[in-house]
$ cat my_file.txt   # compact mmCIF, C-alpha atoms
# COMPACT_ATOMS: atom_id res chain seq x y z
CA MET A 1 118.78 82.42 147.38
CA LYS A 2 115.04 81.96 147.86
CA LEU A 3 113.33 81.27 144.56
CA ARG A 4 109.88 82.70 143.94
CA THR A 5 107.03 80.91 142.20
CA PHE A 6 103.24 81.08 141.82
CA ARG A 7 101.03 79.78 144.60
CA ILE A 8 98.28 77.70 142.99
CA GLY A 9 98.82 74.37 141.17
CA GLY A 10 101.53 73.65 138.61
CA VAL A 11 103.36 70.56 137.35
CA HIS A 12 106.91 69.52 136.46
CA PRO A 13 107.13 68.01 132.94
CA GLU A 14 110.44 66.60 131.74
CA GLU A 15 112.37 69.56 130.31
CA ASN A 16 113.98 68.02 127.20
CA LYS A 17 115.81 71.29 126.40
CA LEU A 18 117.84 69.56 123.69
CA THR A 19 118.93 72.83 122.02
CA HIS A 20 119.78 74.83 125.16
CA GLU A 21 123.39 75.45 124.17
CA VAL A 22 122.96 75.38 120.39
CA ALA A 23 123.81 78.84 119.05
CA THR A 24 121.24 80.47 116.77
CA LYS A 25 121.70 80.13 113.01
CA VAL A 26 120.20 82.40 110.37
CA ALA A 27 117.70 80.29 108.42
CA ALA A 28 118.01 80.23 104.64
CA LEU A 29 115.50 82.27 102.64
CA PRO A 30 112.53 80.26 101.35
CA LYS A 31 111.78 80.04 97.62
CA GLN A 32 108.23 81.10 98.37
CA ALA A 33 106.92 82.83 101.50
CA ILE A 34 103.35 82.44 102.81
CA PHE A 35 101.85 85.15 105.05
CA PRO A 36 98.58 84.28 106.84
CA LEU A 37 96.49 87.40 107.49
CA SER A 38 95.51 86.10 110.96
CA GLN A 39 98.76 86.03 112.94
CA HIS A 40 97.35 87.73 116.02
CA ILE A 41 94.35 87.85 118.33
CA GLY A 42 91.64 90.07 116.84
CA ALA A 43 90.54 91.01 113.33
CA PRO A 44 92.59 89.60 110.42
CA ALA A 45 94.82 92.06 108.56
CA LYS A 46 93.66 93.33 105.15
CA ALA A 47 95.90 92.79 102.11
CA VAL A 48 97.20 96.01 100.50
CA VAL A 49 99.10 94.23 97.71
CA ALA A 50 97.89 92.30 94.67
CA LYS A 51 99.24 89.68 92.28
CA GLY A 52 102.28 90.99 90.38
CA ASP A 53 103.25 93.68 92.90
CA LYS A 54 106.94 93.99 93.74
CA VAL A 55 107.89 94.07 97.43
CA LYS A 56 111.05 94.43 99.50
CA VAL A 57 111.99 93.14 102.95
CA GLY A 58 109.98 95.36 105.29
CA THR A 59 107.27 96.40 102.80
CA LEU A 60 103.76 96.67 104.28
CA ILE A 61 101.65 93.95 102.67
CA ALA A 62 98.58 93.95 104.94
CA GLU A 63 97.15 96.69 107.16
CA ALA A 64 95.41 96.25 110.51
CA GLY A 65 91.81 95.12 110.02
CA GLY A 66 90.42 96.81 113.13
CA PHE A 67 91.43 98.26 116.49
CA VAL A 68 92.46 94.85 117.88
CA SER A 69 94.59 93.84 114.90
CA ALA A 70 98.12 94.29 113.55
CA PRO A 71 99.73 95.02 110.17
CA ILE A 72 101.91 92.45 108.39
CA PHE A 73 105.16 93.16 106.58
CA SER A 74 107.00 91.17 103.95
CA SER A 75 110.05 89.31 105.24
CA VAL A 76 111.35 88.76 101.70
CA SER A 77 111.84 90.67 98.45
CA GLY A 78 110.20 89.51 95.26
CA THR A 79 106.85 89.39 93.49
CA VAL A 80 103.40 88.74 94.92
CA PHE A 81 102.40 85.40 93.43
CA LYS A 82 98.78 85.57 94.61
CA VAL A 83 96.41 86.51 97.41
CA ASP A 84 94.68 83.24 98.18
CA THR A 85 93.91 80.77 100.96
CA ALA A 86 96.16 78.10 102.49
CA VAL A 87 96.11 75.75 105.47
CA ASP A 88 97.49 77.43 108.60
CA ALA A 89 98.20 76.13 112.11
CA THR A 90 94.47 75.74 112.82
CA GLY A 91 94.16 73.12 110.07
CA TYR A 92 91.69 75.28 108.13
CA ARG A 93 92.22 77.24 104.93
CA LYS A 94 92.61 80.93 105.76
CA PRO A 95 93.45 84.05 103.68
CA VAL A 96 97.17 84.38 102.86
CA ILE A 97 99.55 86.40 100.72
CA ILE A 98 102.08 84.30 98.80
CA ILE A 99 105.30 85.90 97.57
CA ASN A 100 107.88 84.42 95.20
CA VAL A 101 111.32 85.25 96.62
CA GLU A 102 113.79 87.11 94.38
CA GLY A 103 117.01 88.26 96.05
CA ASP A 104 117.09 89.97 99.43
CA GLU A 105 116.48 93.70 98.95
CA TRP A 106 115.52 95.62 102.11
CA GLU A 107 113.57 98.83 102.55
CA GLU A 108 116.16 101.60 102.91
CA SER A 109 114.39 103.03 105.97
CA ILE A 110 115.51 100.05 108.11
CA ASP A 111 118.72 100.60 110.11
CA ARG A 112 120.72 97.39 109.60
CA SER A 113 123.77 98.48 111.62
CA ASP A 114 124.85 96.69 114.82
CA LYS A 115 125.20 99.91 116.82
CA LEU A 116 123.31 99.68 120.12
CA GLU A 117 120.88 102.57 120.49
CA THR A 118 119.91 103.52 124.06
CA LEU A 119 117.00 105.50 125.42
CA ALA A 120 119.40 108.07 126.90
CA GLU A 121 120.53 108.93 123.36
CA HIS A 122 116.94 109.53 122.22
CA PRO A 123 115.22 111.99 124.58
CA GLU A 124 112.80 112.85 121.75
CA LEU A 125 111.03 109.50 122.25
CA THR A 126 107.84 110.27 124.17
CA PRO A 127 105.62 107.46 125.54
CA GLU A 128 103.11 108.21 122.78
CA GLU A 129 105.78 108.05 120.06
CA ILE A 130 107.04 104.68 121.35
CA VAL A 131 103.51 103.23 121.36
CA GLU A 132 102.87 104.56 117.84
CA ARG A 133 106.08 102.99 116.47
CA VAL A 134 105.23 99.66 118.16
CA LYS A 135 101.75 99.79 116.61
CA LYS A 136 103.02 100.65 113.12
CA ALA A 137 105.64 97.87 113.26
CA GLY A 138 102.97 95.17 113.72
CA ILE A 139 104.38 93.87 117.01
CA THR A 140 102.30 91.26 118.81
CA GLY A 141 103.05 89.06 121.81
CA MET A 142 105.91 86.76 120.79
CA GLY A 143 105.24 84.08 123.40
CA GLY A 144 102.45 82.51 121.37
CA ALA A 145 99.25 84.36 122.32
CA GLY A 146 99.73 87.09 119.69
CA PHE A 147 97.95 89.99 121.39
CA PRO A 148 98.77 93.35 119.73
CA THR A 149 101.44 94.93 121.94
CA PHE A 150 100.35 98.56 121.61
CA ILE A 151 97.01 97.77 123.29
CA LYS A 152 98.76 96.41 126.38
CA LEU A 153 100.77 99.62 126.58
CA THR A 154 97.63 101.78 126.63
CA PRO A 155 95.50 100.31 129.43
CA PRO A 156 91.97 101.56 130.14
CA PRO A 157 91.57 104.60 132.43
CA THR A 158 90.24 102.32 135.18
CA ALA A 159 93.62 100.54 135.46
CA LYS A 160 97.00 102.01 136.35
CA ALA A 161 100.27 100.29 135.47
CA GLU A 162 102.92 100.19 138.20
CA CYS A 163 105.53 97.95 136.57
CA VAL A 164 106.53 96.03 133.45
CA ILE A 165 107.34 92.33 133.86
CA ILE A 166 109.42 90.65 131.16
CA ASN A 167 108.47 87.00 130.71
CA ALA A 168 111.81 85.20 130.25
CA VAL A 169 110.50 81.98 131.82
CA GLU A 170 110.18 79.64 128.81
CA CYS A 171 108.69 76.90 130.99
CA GLU A 172 107.31 74.82 128.10
CA PRO A 173 109.41 71.65 127.50
CA TYR A 174 111.78 71.52 124.50
CA ILE A 175 111.67 75.25 123.57
CA THR A 176 114.91 77.29 123.92
CA ALA A 177 114.42 80.19 121.47
CA ASP A 178 113.93 82.78 124.22
CA TYR A 179 116.98 81.50 126.12
CA ARG A 180 119.21 81.83 123.06
CA LEU A 181 117.81 85.30 122.39
CA MET A 182 118.68 86.30 125.97
CA MET A 183 122.22 84.97 125.71
CA GLU A 184 122.84 86.59 122.32
CA HIS A 185 121.01 89.94 122.62
CA ALA A 186 120.85 90.88 126.31
CA ASP A 187 121.69 94.55 125.70
CA GLU A 188 118.94 95.03 123.13
CA ILE A 189 116.39 93.30 125.41
CA LEU A 190 117.27 95.65 128.26
CA VAL A 191 116.82 98.70 126.01
CA GLY A 192 113.51 97.14 124.93
CA LEU A 193 112.51 96.96 128.59
CA ASP A 194 113.47 100.64 129.04
CA LEU A 195 111.24 101.52 126.07
CA LEU A 196 108.33 99.46 127.40
CA MET A 197 108.66 101.08 130.83
CA LYS A 198 108.69 104.58 129.33
CA ALA A 199 105.72 103.75 127.08
CA ALA A 200 103.78 102.42 130.08
CA LYS A 201 104.87 105.44 132.19
CA VAL A 202 106.33 103.29 134.99
CA THR A 203 109.73 103.33 136.69
CA LYS A 204 109.96 99.69 137.79
CA GLY A 205 110.79 96.69 135.61
CA TYR A 206 111.23 93.00 136.44
CA ILE A 207 112.67 90.13 134.41
CA GLY A 208 111.48 86.71 135.58
CA ILE A 209 113.86 83.83 134.67
CA GLU A 210 113.55 80.21 135.84
CA ASP A 211 116.57 78.79 137.63
CA ASN A 212 117.22 76.20 134.91
CA LYS A 213 118.83 79.13 133.05
CA PRO A 214 121.65 80.09 135.48
CA LYS A 215 123.80 81.64 132.74
CA ALA A 216 120.98 83.96 131.69
CA ILE A 217 120.28 84.95 135.31
CA ALA A 218 123.97 85.73 135.87
CA LEU A 219 124.25 87.67 132.60
CA PHE A 220 121.24 89.89 133.27
CA GLU A 221 122.16 90.43 136.93
CA GLU A 222 125.61 91.59 135.79
CA LYS A 223 124.17 93.97 133.17
CA THR A 224 121.60 95.50 135.56
CA ALA A 225 123.83 95.66 138.65
CA GLY A 226 123.87 99.47 138.67
CA ASN A 227 120.21 99.96 137.73
CA PRO A 228 117.84 100.27 140.73
CA ASN A 229 114.81 100.37 138.42
CA VAL A 230 115.25 96.84 137.02
CA GLU A 231 115.15 93.68 139.15
CA ILE A 232 116.10 90.20 137.93
CA VAL A 233 113.81 87.66 139.61
CA PRO A 234 115.07 84.04 139.72
CA LEU A 235 112.10 81.67 139.75
CA ALA A 236 111.71 78.03 140.74
CA LYS A 237 111.08 75.63 137.86
CA LYS A 238 107.35 75.06 137.56
CA TYR A 239 104.94 74.86 134.63
CA PRO A 240 102.97 76.98 133.55
CA GLN A 241 104.94 79.84 135.13
CA GLY A 242 105.07 81.56 131.73
CA GLY A 243 101.32 82.20 131.96
CA GLU A 244 100.70 85.91 132.59
CA LYS A 245 98.69 85.47 135.75
CA GLN A 246 101.10 82.90 137.18
CA LEU A 247 104.10 85.13 136.42
CA VAL A 248 102.50 88.17 138.07
CA ASP A 249 101.83 86.09 141.19
CA ALA A 250 105.40 84.75 141.22
CA VAL A 251 107.14 88.10 140.65
CA ILE A 252 105.07 90.67 142.59
CA HIS A 253 102.90 88.34 144.69
CA ARG A 254 99.58 89.66 143.37
CA GLN A 255 96.82 87.45 142.01
CA VAL A 256 94.86 88.57 138.95
CA PRO A 257 91.08 88.05 139.36
CA ALA A 258 88.98 86.02 136.91
CA PRO A 259 88.23 87.39 133.42
CA PRO A 260 87.64 90.05 132.29
CA ALA A 261 90.43 91.12 134.71
CA ILE A 262 93.92 91.29 133.18
CA PRO A 263 97.38 91.79 134.76
CA VAL A 264 97.23 95.60 134.52
CA ASN A 265 94.25 95.49 136.89
CA VAL A 266 96.78 94.60 139.61
CA GLY A 267 99.38 97.02 138.27
CA ALA A 268 101.45 94.82 135.93
CA ILE A 269 102.05 94.86 132.17
CA VAL A 270 103.58 91.55 131.05
CA GLN A 271 105.62 91.26 127.84
CA ASN A 272 107.57 88.31 126.45
CA VAL A 273 111.34 88.65 126.17
CA GLY A 274 111.03 88.28 122.37
CA THR A 275 108.53 91.14 122.36
CA ALA A 276 111.02 93.36 124.23
CA PHE A 277 113.63 92.61 121.53
CA ALA A 278 111.10 93.33 118.75
CA VAL A 279 110.20 96.65 120.44
CA TYR A 280 113.89 97.63 120.49
CA GLU A 281 114.24 96.87 116.77
CA ALA A 282 111.01 98.66 115.85
CA VAL A 283 111.60 101.84 117.85
CA MET A 284 115.39 102.15 117.55
CA LYS A 285 116.03 100.57 114.13
CA ASN A 286 112.74 101.29 112.33
CA LYS A 287 112.46 97.56 111.67
CA PRO A 288 108.95 96.08 111.42
CA LEU A 289 108.28 92.62 112.83
CA PHE A 290 109.05 90.13 110.06
CA GLU A 291 111.48 87.62 111.61
CA ARG A 292 111.81 85.82 114.93
CA TYR A 293 113.81 83.32 116.97
CA THR A 294 112.38 79.81 116.67
CA THR A 295 113.45 76.42 118.04
CA VAL A 296 113.23 73.33 115.81
CA THR A 297 113.50 70.27 118.01
CA GLY A 298 112.71 66.62 118.67
CA LYS A 299 114.53 63.64 120.16
CA ARG A 300 114.83 61.91 116.79
CA LEU A 301 115.84 64.95 114.74
CA ALA A 302 119.41 64.62 113.45
CA ASN A 303 120.43 68.23 114.20
CA PRO A 304 117.87 70.14 116.27
CA GLY A 305 118.62 73.84 116.55
CA ASN A 306 117.59 77.46 117.05
CA PHE A 307 117.02 79.74 114.07
CA LEU A 308 116.49 83.38 113.24
CA VAL A 309 113.81 82.80 110.66
CA ARG A 310 111.86 85.05 108.31
CA MET A 311 108.12 84.77 108.79
CA GLY A 312 106.39 83.06 105.92
CA THR A 313 109.08 80.36 105.73
CA PRO A 314 107.46 76.89 105.46
CA MET A 315 108.26 74.64 108.41
CA SER A 316 109.44 72.01 105.93
CA ASP A 317 112.46 74.23 105.13
CA LEU A 318 113.50 74.34 108.79
CA ILE A 319 112.96 70.61 109.26
CA GLU A 320 115.19 69.93 106.25
CA ALA A 321 117.85 72.22 107.76
CA CYS A 322 117.81 69.97 110.84
CA GLY A 323 118.34 66.76 108.84
CA GLY A 324 114.83 66.09 107.59
CA MET A 325 111.76 64.47 109.11
CA PRO A 326 112.75 61.35 111.09
CA GLU A 327 111.57 57.98 109.80
CA GLY A 328 108.45 56.39 111.26
CA ASP A 329 105.34 58.01 112.68
CA ASN A 330 105.80 61.53 114.00
CA LYS A 331 103.60 64.26 115.44
CA LEU A 332 104.36 67.81 114.26
CA LEU A 333 103.56 70.66 116.64
CA ALA A 334 103.61 74.45 116.30
CA GLY A 335 104.87 75.16 119.82
CA GLY A 336 105.79 72.77 122.62
CA PRO A 337 104.18 69.49 123.76
CA MET A 338 102.03 71.07 126.49
CA MET A 339 100.27 73.88 124.60
CA GLY A 340 101.40 73.46 120.98
CA LYS A 341 98.97 72.82 118.14
CA ALA A 342 99.22 69.56 116.19
CA LEU A 343 99.66 70.27 112.47
CA THR A 344 98.38 68.44 109.43
CA SER A 345 101.07 69.72 107.05
CA VAL A 346 104.80 70.54 107.11
CA ASP A 347 104.09 73.44 104.73
CA VAL A 348 102.48 75.58 107.45
CA PRO A 349 104.52 78.82 107.61
CA ILE A 350 106.37 80.36 110.54
CA CYS A 351 104.26 83.21 111.96
CA LYS A 352 104.68 85.91 114.60
CA GLY A 353 103.82 83.54 117.44
CA THR A 354 105.71 80.42 116.28
CA ASN A 355 108.30 79.97 119.02
CA SER A 356 108.95 76.31 118.20
CA VAL A 357 108.52 73.53 115.68
CA THR A 358 108.46 70.32 117.74
CA ILE A 359 108.54 66.81 116.32
CA LEU A 360 107.45 64.08 118.72
CA SER A 361 108.01 60.42 117.89
CA ASP A 362 105.09 58.02 118.04
CA ASP A 363 106.28 56.73 121.44
CA ASP A 364 106.17 60.21 122.98
CA ALA A 365 103.03 61.39 121.21
CA ARG A 366 100.71 58.39 121.42
CA ARG A 367 98.06 58.73 124.08
CA LYS A 368 97.21 55.89 126.42
CA GLU A 369 93.69 54.50 126.49
CA PRO A 370 91.49 56.67 128.77
CA GLN A 371 90.10 54.93 131.85
CA PRO A 372 87.25 55.85 134.22
CA CYS A 373 87.99 58.75 136.58
CA ILE A 374 89.38 57.41 139.87
CA ARG A 375 88.38 60.55 141.86
CA CYS A 376 91.98 61.29 142.86
CA ALA A 377 91.64 65.08 142.40
CA LYS A 378 95.18 65.38 141.01
CA CYS A 379 93.81 67.60 138.22
CA VAL A 380 92.37 69.96 140.84
CA GLY A 381 95.71 70.17 142.63
CA ALA A 382 97.56 70.79 139.35
CA CYS A 383 95.26 73.52 137.96
CA PRO A 384 97.05 76.88 138.22
CA MET A 385 93.74 78.74 138.00
CA GLY A 386 92.14 76.93 140.94
CA LEU A 387 89.44 75.30 138.77
CA GLU A 388 87.96 71.78 138.90
CA PRO A 389 89.04 70.30 135.56
CA TYR A 390 87.30 66.92 136.05
CA LEU A 391 83.98 68.76 136.50
CA LEU A 392 84.50 71.17 133.58
CA ALA A 393 85.44 68.26 131.29
CA THR A 394 82.40 66.20 132.31
CA LEU A 395 79.98 69.12 131.96
CA SER A 396 81.44 69.97 128.55
CA SER A 397 81.05 66.39 127.33
CA LEU A 398 77.39 66.56 128.51
CA LYS A 399 76.97 69.91 126.69
CA ASP A 400 75.66 71.55 129.87
CA TRP A 401 76.90 74.97 128.70
CA GLU A 402 75.07 77.00 131.35
CA ARG A 403 76.80 75.07 134.13
CA VAL A 404 80.14 75.11 132.27
CA GLU A 405 79.96 78.92 132.24
CA ALA A 406 78.92 79.04 135.91
CA GLU A 407 81.96 76.92 136.83
CA ASP A 408 84.24 79.65 135.37
CA VAL A 409 85.52 77.86 132.26
CA THR A 410 86.64 81.20 130.78
CA SER A 411 89.40 81.35 133.43
CA CYS A 412 91.05 78.22 131.93
CA ILE A 413 94.39 79.09 130.29
CA GLU A 414 94.49 75.73 128.42
CA CYS A 415 97.93 74.86 129.86
CA GLY A 416 97.27 71.11 129.88
CA SER A 417 98.43 70.57 133.48
CA CYS A 418 95.24 68.67 134.29
CA GLN A 419 95.58 66.24 131.40
CA PHE A 420 99.31 65.83 132.05
CA THR A 421 98.76 64.80 135.65
CA CYS A 422 95.69 62.54 135.17
CA PRO A 423 96.59 58.91 136.05
CA ALA A 424 93.49 57.73 134.16
CA HIS A 425 94.70 59.42 130.92
CA ARG A 426 91.37 61.20 130.47
CA PRO A 427 91.15 63.82 127.66
CA LEU A 428 90.35 66.59 130.13
CA LEU A 429 91.80 69.49 128.17
CA ASP A 430 90.18 68.37 124.92
CA ASN A 431 86.73 68.51 126.48
CA ILE A 432 87.41 71.74 128.39
CA ARG A 433 88.64 73.48 125.23
CA GLN A 434 85.41 72.56 123.47
CA GLY A 435 83.39 73.82 126.42
CA LYS A 436 85.37 77.06 126.70
CA SER A 437 85.09 77.77 122.97
CA THR A 438 81.33 77.16 123.00
CA VAL A 439 80.74 79.26 126.13
CA MET A 440 82.79 82.18 124.78
CA GLY A 441 80.70 82.06 121.61
CA ILE A 442 77.53 82.16 123.74
CA ILE A 443 78.89 85.14 125.72
CA ARG A 444 79.80 87.04 122.52
CA ALA A 445 76.32 86.44 121.07
CA ARG A 446 74.72 87.57 124.34
CA ASN A 447 76.79 90.75 124.45
CA ALA A 448 75.99 91.52 120.80
CA LYS A 449 72.26 91.66 121.67
CA LYS A 450 72.79 94.23 124.43
$ encode --input "my_file.txt" --output "structure tokens"
Amino acid sequence: MKLRTFRIGGVHPEENKLTHEVATKVAALPKQAIFPLSQHIGAPAKAVVAKGDKVKVGTLIAEAGGFVSAPIFSSVSGTVFKVDTAVDATGYRKPVIIINVEGDEWEESIDRSDKLETLAEHPELTPEEIVERVKKAGITGMGGAGFPTFIKLTPPPTAKAECVIINAVECEPYITADYRLMMEHADEILVGLDLLMKAAKVTKGYIGIEDNKPKAIALFEEKTAGNPNVEIVPLAKKYPQGGEKQLVDAVIHRQVPAPPAIPVNVGAIVQNVGTAFAVYEAVMKNKPLFERYTTVTGKRLANPGNFLVRMGTPMSDLIEACGGMPEGDNKLLAGGPMMGKALTSVDVPICKGTNSVTILSDDDARRKEPQPCIRCAKCVGACPMGLEPYLLATLSSLKDWERVEAEDVTSCIECGSCQFTCPAHRPLLDNIRQGKSTVMGIIRARNAKK
């Protein structure tokens, strides 16, 4: 069997999939749930509840704050304690809704049965109806980026979708939440794919799975054996294959141009496997997005595991469920070691995009002293976007923003491959991130004047 992969760059970090075969547990309810109003790309949601209001599981607590935005629903029942600010994954205080948990009473409109609903049983579901239900349910990309899903399903008139690609790659080290979801809810994911294909008005679907998940490949090949419209695509192990542009190249052998081009410009709509599951639950079970599969992992954790966790649950609750924070110095990440964000507090809540809580020991997390660049060009060979990371990092450190923009910094997907491969331990990604952020701010200001 010939394995496909993307053509430009890539690296091979140690996998450390410690929780690969650990079955998912339902996380305990928190005593207090914290809901940041910015859990997605775009405008923050706007609170529609106030202190003292009673809510149930599935109650709308914040509405979309603009076109590129998404509503937020309570994952718990209880009383709104306050609408305030709290430290989120960025390290800054941001607007939040805090709810004191009292019992576990759900909105009656949610179908909590285990019966599998299929698209064949629901001919009344038009593409427009599917998109509307996805929008109302607050579904965003579950792989970490957090882009509102309904927007992807309604591409601009200048682009025509030809296929839906399900991202079941999970190439980031340590994380296994998507794998467990695939092994435990394959049927629902496949119905989710059917719904996404109908919403996008396409007849072809692909599911890309790396070959370090042979059980998942076998399971999905078995379940789609009689379906000519869905193809399971085994992929070679390579990071960052879970990046949209890399996955499109690997699966359908088309390369997405530089921004503002997106995958649909070459005919593909890419959705995470967790998003497909959330779409199934929203459309078929009338269940808004308020819980997700999350891995809690680390080499020194007593009992690392996978959890179905209500959003708003503090990470400290999950860490305690895994045996507590290990002794000594540790680095806490929301996400994996390559692209995850380092956190300043264990009280940061689980959000829509939190696929992992990773705890690295001091030995694994401590950076080595940076040395002068040795001109080896390993970072250039590793960059999956075909950029020159050494140059972008140097120009960013010199604050030469005009040249940083000219060298296409906005194409950087911040995967960390350059920094991972650098033998001189230079902080390439740190500098590039600063440069990209600054340049994007300059571009936004320039566009606002037009």
$ closest_residue --input "my_file.txt" --among "A:Asn16, A:Thr79, A:Thr126, A:Ser437" --to "Asp104 of chain A" --atoms "all atoms listed in the file"
A:Thr79
$ residues_near_point --input "my_file.txt" --point "(99.5, 85.1, 139.0)" --cutoff "12 Å" --atoms "all atoms listed in the file" --output "ChimeraX atom specification"
/A:4-10,165,240-258,261-268,270,384-386,413
$ closest_residue --input "my_file.txt" --among "A:Gln371, A:Ser397, A:Asn306, A:Ser69" --to "Glu184 of chain A" --atoms "only C-alpha atoms"
A:Asn306
$ closest_residue --input "my_file.txt" --among "A:Lys436, A:Ala282, A:Thr59, A:Gln419" --to "Asp400 of chain A" --atoms "only C-alpha atoms"
A:Lys436
$ closest_residue --input "my_file.txt" --among "A:Leu195, A:Ala89, A:Leu429, A:Leu391" --to "Leu332 of chain A" --atoms "all atoms listed in the file"
A:Ala89
$ residues_around --input "my_file.txt" --residues "Ile175 of chain A" --least-positions-apart "2" --cutoff "9 Å" --atoms "all atoms listed in the file" --output "ChimeraX atom specification"
/A:15-20,170-173,177-179,294-297,335-336,355-358
$ axis_aligned_box --input "my_file.txt" --around "segment 91-105 of chain A" --padding-each-side "3 Å" --output "JSON"
{"center_x": 104.4, "center_y": 83.4, "center_z": 102.2, "size_x": 31.4, "size_y": 26.6, "size_z": 21.7}
$ closest_residue --input "my_file.txt" --among "A:Ile166, A:Leu37, A:Leu116, A:Ile217" --to "Pro95 of chain A" --atoms "only C-alpha atoms"
A:Leu37
$ closest_residue --input "my_file.txt" --among "A:Val202, A:Ala120, A:Ala302, A:Val191" --to "Val273 of chain A" --atoms "all atoms listed in the file"
A:Val191
$ residues_around --input "my_file.txt" --residues "Pro44 of chain A" --least-positions-apart "4" --cutoff "10 Å" --atoms "only C-alpha atoms" --output "ChimeraX atom specification"
/A:36-40,62-66,68-72,94-95
$ residues_around --input "my_file.txt" --residues "Asn167 of chain A" --least-positions-apart "4" --cutoff "6 Å" --atoms "only C-alpha atoms" --output "list in words"
Gly208, Gln271, Asn272 and Val273 of chain A
$ atom_distance --input "my_file.txt" --atom1 "atom CA of Val404 of chain A" --atom2 "atom CA of Leu392 of chain A"
6.0 Å
$ residues_around --input "my_file.txt" --residues "Val96 of chain A" --least-positions-apart "3" --cutoff "7 Å" --atoms "all atoms listed in the file" --output "PyMOL selection string"
chain A and resi 34-37+83-86
$ atom_distance --input "my_file.txt" --atom1 "atom CA of Gly323 of chain A" --atom2 "atom CA of Gly298 of chain A"
11.3 Å
$ atom_distance --input "my_file.txt" --atom1 "atom CA of Thr410 of chain A" --atom2 "atom CA of Lys237 of chain A"
26.0 Å
$ residues_around --input "my_file.txt" --residues "Ile110 of chain A" --least-positions-apart "5" --cutoff "8 Å" --atoms "all atoms listed in the file" --output "ChimeraX atom specification"
/A:58,285-287
$ residues_near_point --input "my_file.txt" --point "(104.0, 97.3, 137.1)" --cutoff "6 Å" --atoms "only C-alpha atoms" --output "PDB file with C-alpha atoms, in the coordinates of the input"
ATOM      1  CA  ALA A 161     100.270 100.290 135.470  1.00  0.00           C
ATOM      2  CA  GLU A 162     102.920 100.190 138.200  1.00  0.00           C
ATOM      3  CA  CYS A 163     105.530  97.950 136.570  1.00  0.00           C
ATOM      4  CA  VAL A 164     106.530  96.030 133.450  1.00  0.00           C
ATOM      5  CA  GLY A 267      99.380  97.020 138.270  1.00  0.00           C
ATOM      6  CA  ALA A 268     101.450  94.820 135.930  1.00  0.00           C
ATOM      7  CA  ILE A 269     102.050  94.860 132.170  1.00  0.00           C
TER       8      ILE A 269
END
$ decode --input "my_file.txt" --residues "segment 393-402 of chain A" --atoms "N, CA, C and O atoms" --output "CSV table (one decimal), in the first residue's frame"
chain,number,residue,atom,x,y,z
A,393,ALA,N,12.8,35.2,10.6
A,393,ALA,CA,13.1,35.4,12.0
A,393,ALA,C,14.1,36.6,12.2
A,393,ALA,O,13.9,37.4,13.1
A,394,THR,N,15.1,36.7,11.3
A,394,THR,CA,16.1,37.7,11.4
A,394,THR,C,15.5,39.1,11.1
A,394,THR,O,15.6,40.1,11.8
A,395,LEU,N,14.7,39.1,10.0
A,395,LEU,CA,14.0,40.4,9.7
A,395,LEU,C,13.0,40.8,10.7
A,395,LEU,O,12.9,42.0,11.0
A,396,SER,N,12.4,39.9,11.4
A,396,SER,CA,11.4,40.2,12.4
A,396,SER,C,12.2,40.8,13.6
A,396,SER,O,11.7,41.8,14.3
A,397,SER,N,13.3,40.2,14.0
A,397,SER,CA,14.1,40.7,15.1
A,397,SER,C,14.6,42.1,14.8
A,397,SER,O,14.8,42.9,15.8
A,398,LEU,N,14.8,42.4,13.5
A,398,LEU,CA,15.3,43.7,13.1
A,398,LEU,C,14.2,44.7,12.9
A,398,LEU,O,14.4,45.9,12.6
A,399,LYS,N,12.9,44.2,13.1
A,399,LYS,CA,11.7,45.0,12.9
A,399,LYS,C,11.6,45.7,11.5
A,399,LYS,O,11.1,46.8,11.3
A,400,ASP,N,12.1,44.9,10.5
A,400,ASP,CA,12.0,45.3,9.1
A,400,ASP,C,10.7,44.8,8.6
A,400,ASP,O,10.6,43.9,7.8
A,401,TRP,N,9.6,45.4,9.0
A,401,TRP,CA,8.3,44.9,8.7
A,401,TRP,C,7.9,44.9,7.2
A,401,TRP,O,7.2,43.9,6.8
A,402,GLU,N,8.4,45.8,6.5
A,402,GLU,CA,8.1,45.9,5.0
A,402,GLU,C,8.7,44.7,4.3
A,402,GLU,O,8.1,44.0,3.5
